[in-house]
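What follows is a short report on a single structure.
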Amino acid sequence: MAGALRRFLRGRWSRLAAFFAVVGPGIITANVDNDAGGITTYSQAGAHFGLATVWVLAPIMVVLIMVQEMVNRMGIVTGQGLSDLIRERYGVRVTFFLMLALLLTNLGNVVAEFAGIAAAMELFGVSRYVAVPLCALGVWFLVLRWPYRVVEKVFLGACVFYVAYLVSGAMVAPSAATVARELFRPRLSGDPAYLLMIVGLAGTTIAPWMQFYQQAAVVEKGISLRDVRLSSWDTILGGLVVTVVALFIIITCSETLFRAGVRIDTAADAARALIPVAGAQAAYLFAFGLLAASLFAASILPLSTSYTVCEAFGWESGVDRSYRQAPQFYVLYSVLVFGGAAAVLFPDLPLVDVMYYSQVVNGILLPVILVFILRLAGDPAVLGERVNGPVYNVVCWSFAILIAALSATSLGMMLVG
């Protein structure tokens, strides 16, 4: 009996140890998604529409997990990054234009992260002209001067700071019954602003950079085929956590700002507006979450973009390589970090537009990226017996078509209006 118990416990501990050995890419990728632009989008959704948009979170979460699991699986099976596979299968010309679109979109996202840092630090009384350069230097040294495994542990630890949004959401005392009802009550509207918000929510929750980063991170981490199931659980956990955080941000702004009729442009506006309606503690927790999320994403987004572009053109990449081994990787990362930080220091830059519309562009670019992912994940020459099944194909193709249709409709209505 004692021997059987020891074997049982040993088996449990070995599986747990195996999970912790592969954990990281899924949780980190998903949590970075709640960045400054994402928090702004969720805050606006709650402040402008109340709980009317929360019903989209559950289906978006399901698709997020499925999409990220696909690239996770492709990275483990092929040992190649997504942009590398796209170049091999579809050629350099297609890859070039795809990388150009992704680079411009991600540059806007990086600017949004440093705008979030600037806004959060100013709420705490620190000038952006001090905070932004120091944070840019800190981010640059963290990622490029430490080994990947150390950097990954720092990123995993940073995920804990998202608890700030759960606490601030709990402090406004939402009605659990009302939230539960709205989660399962789809609402449709012909309002262009509402449709654009739905596209923005999809674009910020399932951002195009995520697929490239997670697949590259899996390859960098060297996860083996025998651990593919455990790695999938890492992806599932990440999808659940990011959705819960998004829900609490929307709830916080709905229960306070929407009820008070307060409209906002940024997450920092949300934090300021929370002071008179929810108290200083909730407001500062919200601001602290914005700072942590922006720093986190300001590290990851340039890293993701550098991995993606370098892989696309066959250049060496990775933080464990030296500058001599991967000069393009280091230069691109540095340009994105310091360029994004410098842009925020220009007083006339419309940061609100950059932060919000970068998320909308994510939603527009997303179906294009999904087409490439779905074709690769359904190709036996790429994944062999681990190709997508019919459920994956139906759900993900339907989502790609729906997001493309919503993007075209909402943008068309805005242009006509």
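Residues are referred to by chain and number: the chain letter is A, B, ... according to the order shown in the structure tokens, the number counts from 1 in that chain, and ligands are numbered separately from 1 in the order shown.
The residue set within 10 Å of Val241 in chain A, counting only C-alpha atoms and dropping same-chain residues fewer than 2 places from it, reads Ile27, Ala30, Asn31, Met61, Cys159, Tyr162, Ile236, Leu237, Gly238, Gly239, Thr243, Val244, Val245, Ala246 and Leu247 of chain A.
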Mind writing the picked residues with N, CA and C atoms as a PDB file, in the first residue's frame?
```pdb
ATOM      1  N   ILE A  27       1.175  31.237 -21.342  1.00  0.00           N
ATOM      2  CA  ILE A  27       0.739  32.184 -20.307  1.00  0.00           C
ATOM      3  C   ILE A  27       1.299  33.576 -20.575  1.00  0.00           C
ATOM      4  N   ALA A  30      -0.414  35.248 -23.731  1.00  0.00           N
ATOM      5  CA  ALA A  30      -1.791  35.669 -23.466  1.00  0.00           C
ATOM      6  C   ALA A  30      -1.843  36.875 -22.547  1.00  0.00           C
ATOM      7  N   ASN A  31      -1.029  36.893 -21.506  1.00  0.00           N
ATOM      8  CA  ASN A  31      -1.088  37.996 -20.551  1.00  0.00           C
ATOM      9  C   ASN A  31      -0.541  39.292 -21.120  1.00  0.00           C
ATOM     10  N   MET A  61     -12.470  33.935 -26.333  1.00  0.00           N
ATOM     11  CA  MET A  61     -11.542  33.120 -25.545  1.00  0.00           C
ATOM     12  C   MET A  61     -11.368  31.735 -26.171  1.00  0.00           C
ATOM     13  N   CYS A 159       3.262  38.411 -14.560  1.00  0.00           N
ATOM     14  CA  CYS A 159       1.839  38.099 -14.752  1.00  0.00           C
ATOM     15  C   CYS A 159       1.042  38.301 -13.470  1.00  0.00           C
ATOM     16  N   TYR A 162      -1.310  41.445 -12.735  1.00  0.00           N
ATOM     17  CA  TYR A 162      -2.665  41.603 -13.271  1.00  0.00           C
ATOM     18  C   TYR A 162      -3.733  41.381 -12.204  1.00  0.00           C
ATOM     19  N   ILE A 236      -4.003  26.902 -22.757  1.00  0.00           N
ATOM     20  CA  ILE A 236      -5.371  26.984 -22.227  1.00  0.00           C
ATOM     21  C   ILE A 236      -5.418  27.873 -20.990  1.00  0.00           C
ATOM     22  N   LEU A 237      -4.471  27.677 -20.085  1.00  0.00           N
ATOM     23  CA  LEU A 237      -4.425  28.487 -18.859  1.00  0.00           C
ATOM     24  C   LEU A 237      -4.246  29.965 -19.187  1.00  0.00           C
ATOM     25  N   GLY A 238      -3.362  30.254 -20.145  1.00  0.00           N
ATOM     26  CA  GLY A 238      -3.152  31.638 -20.555  1.00  0.00           C
ATOM     27  C   GLY A 238      -4.421  32.269 -21.099  1.00  0.00           C
ATOM     28  N   GLY A 239      -5.173  31.530 -21.930  1.00  0.00           N
ATOM     29  CA  GLY A 239      -6.416  32.044 -22.494  1.00  0.00           C
ATOM     30  C   GLY A 239      -7.465  32.327 -21.433  1.00  0.00           C
ATOM     31  N   THR A 243      -8.762  36.320 -20.324  1.00  0.00           N
ATOM     32  CA  THR A 243     -10.187  36.631 -20.465  1.00  0.00           C
ATOM     33  C   THR A 243     -10.774  37.118 -19.152  1.00  0.00           C
ATOM     34  N   VAL A 244     -10.385  36.497 -18.048  1.00  0.00           N
ATOM     35  CA  VAL A 244     -10.879  36.926 -16.733  1.00  0.00           C
ATOM     36  C   VAL A 244     -10.429  38.352 -16.436  1.00  0.00           C
ATOM     37  N   VAL A 245      -9.174  38.675 -16.732  1.00  0.00           N
ATOM     38  CA  VAL A 245      -8.668  40.035 -16.502  1.00  0.00           C
ATOM     39  C   VAL A 245      -9.441  41.038 -17.358  1.00  0.00           C
ATOM     40  N   ALA A 246      -9.663  40.712 -18.636  1.00  0.00           N
ATOM     41  CA  ALA A 246     -10.421  41.600 -19.520  1.00  0.00           C
ATOM     42  C   ALA A 246     -11.827  41.825 -18.980  1.00  0.00           C
ATOM     43  N   LEU A 247     -12.462  40.764 -18.510  1.00  0.00           N
ATOM     44  CA  LEU A 247     -13.811  40.865 -17.956  1.00  0.00           C
ATOM     45  C   LEU A 247     -13.850  41.809 -16.761  1.00  0.00           C
TER      46      LEU A 247
END
```
Who sits within 10 Å of Val335 in chain A, only C-alpha atoms, same chain under 5 positions skipped, as a list in words: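 In the requested form, the answer reads Leu107, Pro302, Ser306, Tyr330, Gly340 and Ala341 of chain A.
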Using backbone DSSP assignments, extract all helix (DSSP H, G or I) residues from range 266-357 of chain A; output them as a PyMOL selection string. chain A and resi 267-278+280-312+327-344+351-357
Hey, what's within 9 Å of range 263-273 of chain A if we count only C-alpha atoms and toss same-chain stuff fewer than 2 positions away? As a VMD selection string, please? chain A and resid 36 to 44 47 to 48 116 119 to 120 123 253 256 to 258 261 275 to 278 280 282 to 287 290 351 to 353 355 to 356
Could you check the closest approach to Gly289 in chain A for each of A:Leu57, A:Ala52, A:Ile249, A:Val368 and tell me which residue wins, using only C-alpha atoms? A:Ile249
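Distance annotation: of A:Ile369, A:Leu225, A:Ala326, A:Cys135, the residue with the minimal separation from Glu311 in chain A is A:Ala326; atom set is only C-alpha atoms.
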